[in-house]
Amino acid sequence: MFWIIKFFVSLQPQNRNDLLLGYGVMVTLQILVLSFQVRILVAQQLRKAANVISSQLFVFLPLSSNSIQIIKTMAKELELKYGCNPNQKPARIFMQEGELPIEVLNGRPGYINFMDALNGWQLVKELKEATGMPAATSFKHVSPAGAAIGLELDETMKKIYFADDLPLSPLANAYVRARGADRMSSYGDFIALSDVCDEATARFINREVSDGVIAPGYTDEALEILKNKRKGTYNVIKMSPDYKPAPIERKDVFGITFEQGRNEIKLNSDELFANIPTQNKNFPDAAKRDLMIALITLKYTQSNSVCYVKDGQAIGIGAGQQSRIHCTRLAGNKADIWYLRQHPKVLNLPWIEKIRRADRDNTIDIYISADHEDVLADGVWQQFFAEKPEVLTREEKRAWLDTLKGVSLGSDAFFPFGDNIERAHKTGVDYIAQAGGSVRDDNVIETCDKYGIAMAFTGIRLFHH
């Protein structure tokens with residue numbers, strides 16, 4: 001009997017008949033009352049084969065010493081190449097109950113790809129529910145680099161996003177905004193779309209450096225474009241829009257299981273603006289929309305985090321900082337760069353022909369910064385420009401940034417001091433939504449009043465880890 005078991009375990013079942021044979025062997029082993037370890041060995045082989053042919057997985061457990069129970073779990077799993085790092089093997093994603101709500105249409109997504117995809121999907125699904133508009137997000141390392149809804153792009157936005165040469169659908173508008181706000185951070189991202197991916201959106205995705213995309217579906221034309229991206233290896237995931245996760249979620253840290261209720265809080269009602277402690281209590285509808293976008297984005301951003309939003313899109317996200325003021329500065333600097341890209345000197349940079357997209361993005365980022373000589377020095381600028389551009393001076397940048405108004409700022413927890421408001425004001429923030437509850441709330445409110453900023457205390461903390 002030992003050699004029969006060893007022979008079976010060495011096989012690689014290829015179809016349902018082979019699996020049925022395996023199940024028969026398992027039942028026989030149960031009847032012969034062989035050891036539980038032997039039964040597990042065969043069951044593991046069956047599970048691996050079931051994964052390969054997408055069959056149903058059966059788990060065999062003893063009901064008592066003289067009887068058998070066969071539990072049909074209907075669970076499925078996907079084996080991954082490795083976890084966060086190549087040395088972390090084995091790796092998989094799986095369901096405790098039911099079937100995975102995803103279908104891989106192309107490529108072989110990795111562990112971090114799925115983390116980005118599933119967090120990104122939740123974000124765009126909530127943005128669509130809150131605003132009624134198509135939504136998109138660009139994720140990197142389990143935090144969004146950008147998020148937006150499908151408001152129409154004006155000519156300036158089309159130009160700074162390099163999107164003036166292809167037709168734009170509402171979903172494509174959302175994607176271009178989400179991808180374009182922080183192009184440096186979005187390089188090599190994972191995309192999430194709230195709606196069925198259409199051809200227009202796929203064509204914009206096709207020309208960017210990206211790891212993959214998740215959406216509730218794809219038109220035939222879009223799928224054909226995406227399947228041919230990255231020499232046929234581009235990751236394309238279809239998400240079931242009807243999937244609802246269990247209300248309790250778990251994760252293991254150092255062998256210890258943490259359990260909590262899912263963060264199901266809704267961030268799409270006027271109740272968010274019921275407590276306004278500032279002198280300015282005016283929140284236009286556009287500001288309320290933008291603050292909802294900020295808070296929903298922060299719900300899926302590694303804490304501490306803040307998010308600047310304007311015209312339906314995140315323009316600066318500060319994620320994963322231990323200090324709140326560093327979040328505010330980081331995100332504010334990103335928002336400043338977004339707006340400085342609209343400066344006439346930047347819009348009219350004399351690029352050489354056929355400059356690579358990544359080189360152009362990086363050159364703009366450096367040109368705007370204090371390190372502009374790194375791309376303007378003699379012998380260097382010729383690599384990027386047809387003629388040497390003028391420097392965008394510090395005074396010119398400050399004067400331009402002073403024209404930025406109507407920005408909304410959300411925070412995943414309270415602002416502890418007024419220095420956050422001082423920094424936010426420099427980036428045109430006129431509206432704020434934050435939890436409130438700091439012992440220095442009075443200082444924060446006083447600083448808002450100093451600049452006429454309207455601020456709401458939501459009473460909601462949105463930590464995400």
# chains A, B, ... in the order shown; residues from 1 in each chain; ligands from 1
call {"tool": "residues_around", "arguments": {"residues": "Gly146 of chain A", "least_positions_apart": "4", "cutoff": "10 Å", "atoms": "only C-alpha atoms", "output": "mmCIF file with N, CA and C atoms, in the first residue's frame"}}
result
data_model
loop_
_atom_site.group_PDB
_atom_site.id
_atom_site.type_symbol
_atom_site.label_atom_id
_atom_site.label_comp_id
_atom_site.auth_asym_id
_atom_site.auth_seq_id
_atom_site.Cartn_x
_atom_site.Cartn_y
_atom_site.Cartn_z
ATOM 1 N N ALA A 136 -11.276 56.030 -11.620
ATOM 2 C CA ALA A 136 -10.044 55.280 -11.856
ATOM 3 C C ALA A 136 -9.034 55.619 -10.778
ATOM 4 N N THR A 137 -8.127 54.699 -10.527
ATOM 5 C CA THR A 137 -7.026 54.957 -9.608
ATOM 6 C C THR A 137 -5.766 54.300 -10.113
ATOM 7 N N SER A 138 -4.646 54.872 -9.721
ATOM 8 C CA SER A 138 -3.313 54.369 -10.059
ATOM 9 C C SER A 138 -2.629 53.992 -8.758
ATOM 10 N N PHE A 139 -2.354 52.694 -8.553
ATOM 11 C CA PHE A 139 -1.814 52.206 -7.286
ATOM 12 C C PHE A 139 -0.357 51.797 -7.416
ATOM 13 N N LYS A 140 0.416 52.097 -6.365
ATOM 14 C CA LYS A 140 1.796 51.639 -6.256
ATOM 15 C C LYS A 140 2.070 51.251 -4.801
ATOM 16 N N TYR A 175 -9.240 57.860 -16.075
ATOM 17 C CA TYR A 175 -7.929 57.206 -16.061
ATOM 18 C C TYR A 175 -6.797 58.200 -16.315
ATOM 19 N N VAL A 176 -6.969 59.052 -17.316
ATOM 20 C CA VAL A 176 -5.915 60.013 -17.650
ATOM 21 C C VAL A 176 -5.653 60.945 -16.470
ATOM 22 N N ARG A 177 -6.702 61.373 -15.781
ATOM 23 C CA ARG A 177 -6.527 62.222 -14.596
ATOM 24 C C ARG A 177 -5.795 61.470 -13.481
ATOM 25 N N ALA A 178 -6.233 60.238 -13.205
ATOM 26 C CA ALA A 178 -5.633 59.466 -12.117
ATOM 27 C C ALA A 178 -4.169 59.156 -12.395
ATOM 28 N N ARG A 179 -3.869 58.818 -13.631
ATOM 29 C CA ARG A 179 -2.498 58.478 -14.001
ATOM 30 C C ARG A 179 -1.623 59.727 -14.133
ATOM 31 N N GLY A 180 -2.208 60.835 -14.571
ATOM 32 C CA GLY A 180 -1.422 62.003 -14.928
ATOM 33 C C GLY A 180 -1.063 62.929 -13.800
ATOM 34 N N ALA A 181 -1.775 62.856 -12.663
ATOM 35 C CA ALA A 181 -1.546 63.832 -11.597
ATOM 36 C C ALA A 181 -0.143 63.719 -11.004
ATOM 37 N N ASP A 182 0.340 62.505 -10.827
ATOM 38 C CA ASP A 182 1.682 62.286 -10.262
ATOM 39 C C ASP A 182 2.365 61.215 -11.110
ATOM 40 N N ARG A 183 2.790 61.618 -12.289
ATOM 41 C CA ARG A 183 3.294 60.655 -13.259
ATOM 42 C C ARG A 183 4.557 59.945 -12.774
ATOM 43 N N SER A 185 5.258 58.980 -9.659
ATOM 44 C CA SER A 185 4.855 57.916 -8.738
ATOM 45 C C SER A 185 4.052 56.823 -9.438
ATOM 46 N N SER A 186 3.348 57.172 -10.493
ATOM 47 C CA SER A 186 2.498 56.203 -11.184
ATOM 48 C C SER A 186 3.262 55.303 -12.148
ATOM 49 N N ILE A 191 -3.568 49.582 -12.244
ATOM 50 C CA ILE A 191 -4.731 50.433 -12.500
ATOM 51 C C ILE A 191 -6.004 49.737 -12.039
ATOM 52 N N THR A 297 -10.309 58.237 -0.977
ATOM 53 C CA THR A 297 -8.937 57.893 -1.362
ATOM 54 C C THR A 297 -8.105 57.548 -0.131
ATOM 55 N N CYS A 307 -4.654 64.071 1.566
ATOM 56 C CA CYS A 307 -4.912 64.082 0.121
ATOM 57 C C CYS A 307 -5.465 65.436 -0.304
ATOM 58 N N VAL A 309 -7.192 67.565 -3.331
ATOM 59 C CA VAL A 309 -8.049 67.271 -4.487
ATOM 60 C C VAL A 309 -8.526 68.566 -5.114
ATOM 61 N N GLN A 313 -10.196 65.247 -8.928
ATOM 62 C CA GLN A 313 -9.045 64.347 -8.962
ATOM 63 C C GLN A 313 -8.061 64.671 -7.848
ATOM 64 N N ALA A 314 -7.433 63.639 -7.326
ATOM 65 C CA ALA A 314 -6.346 63.840 -6.356
ATOM 66 C C ALA A 314 -5.164 64.454 -7.091
ATOM 67 N N ILE A 315 -4.603 65.519 -6.533
ATOM 68 C CA ILE A 315 -3.446 66.164 -7.158
ATOM 69 C C ILE A 315 -2.192 66.033 -6.290
ATOM 70 N N GLY A 316 -2.358 65.497 -5.075
ATOM 71 C CA GLY A 316 -1.221 65.267 -4.200
ATOM 72 C C GLY A 316 -1.616 64.358 -3.061
ATOM 73 N N ILE A 317 -0.971 63.195 -2.959
ATOM 74 C CA ILE A 317 -1.269 62.237 -1.890
ATOM 75 C C ILE A 317 0.008 62.005 -1.094
#
call {"tool": "select_by_dssp", "arguments": {"residues": "segment 307-432 of chain A", "states": "helix (DSSP H, G or I)", "output": "MDAnalysis selection string"}}
result
chainID A and resid 324:340 344:347 357:368 373:376 381:383 394:401 419:425
call {"tool": "closest_atom_pairs", "arguments": {"of": "segment 233-317 of chain A", "to": "segment 457-462 of chain A", "cutoff": "6 Å", "atoms": "only C-alpha atoms", "output": "JSON lines"}}
result
{"residue": "A:Leu272", "atom": "CA", "partner": "A:Thr458", "partner_atom": "CA", "distance": 5.1}
{"residue": "A:Asn275", "atom": "CA", "partner": "A:Phe457", "partner_atom": "CA", "distance": 5.5}
{"residue": "A:Lys299", "atom": "CA", "partner": "A:Leu462", "partner_atom": "CA", "distance": 5.4}
call {"tool": "write_last_selection", "arguments": {"atoms": "C-alpha atoms", "output": "compact mmCIF listing (two decimals), in the first residue's frame"}}
result
# COMPACT_ATOMS: atom_id res chain seq x y z
CA LEU A 272 -19.67 64.81 6.79
CA ASN A 275 -19.90 70.10 12.24
CA LYS A 299 -9.58 55.12 3.25
call {"tool": "residues_around", "arguments": {"residues": "segment 336-339 of chain A", "least_positions_apart": "6", "cutoff": "10 Å", "atoms": "only C-alpha atoms", "output": "PyMOL selection string"}}
result
chain A and resi 160+180-183+315-316+330+364-365+368-369+397-398+400-401+403-404+426-428
call {"tool": "atom_distance", "arguments": {"atom1": "atom CA of Pro284 of chain A", "atom2": "atom CA of Gln342 of chain A"}}
result
24.6 Å
call {"tool": "closest_residue", "arguments": {"among": "A:Ala319, A:Val213, A:Ala424, A:Val253", "to": "Leu193 of chain A", "atoms": "only C-alpha atoms"}}
result
A:Val213
call {"tool": "residues_around", "arguments": {"residues": "Thr201 of chain A", "least_positions_apart": "4", "cutoff": "8 Å", "atoms": "only C-alpha atoms", "output": "list in words"}}
result
Leu168, Ser169, Leu171, Ala172, Tyr175, Cys197, Ile205 and Ala222 of chain A
call {"tool": "write_last_selection", "arguments": {"atoms": "C-alpha atoms", "output": "PDB file, in the first residue's frame"}}
result
ATOM      1  CA  LEU A 168     -11.509  60.468 -24.664  1.00  0.00           C
ATOM      2  CA  SER A 169     -14.468  58.620 -23.154  1.00  0.00           C
ATOM      3  CA  LEU A 171     -13.765  56.439 -18.246  1.00  0.00           C
ATOM      4  CA  ALA A 172     -10.673  57.490 -20.213  1.00  0.00           C
ATOM      5  CA  TYR A 175      -7.929  57.206 -16.061  1.00  0.00           C
ATOM      6  CA  CYS A 197     -12.830  49.139 -19.884  1.00  0.00           C
ATOM      7  CA  ILE A 205      -3.256  52.446 -20.863  1.00  0.00           C
ATOM      8  CA  ALA A 222     -10.072  46.835 -25.251  1.00  0.00           C
TER       9      ALA A 222
END
call {"tool": "atom_distance", "arguments": {"atom1": "atom CA of Asn443 of chain A", "atom2": "atom CA of Cys327 of chain A"}}
result
18.8 Å
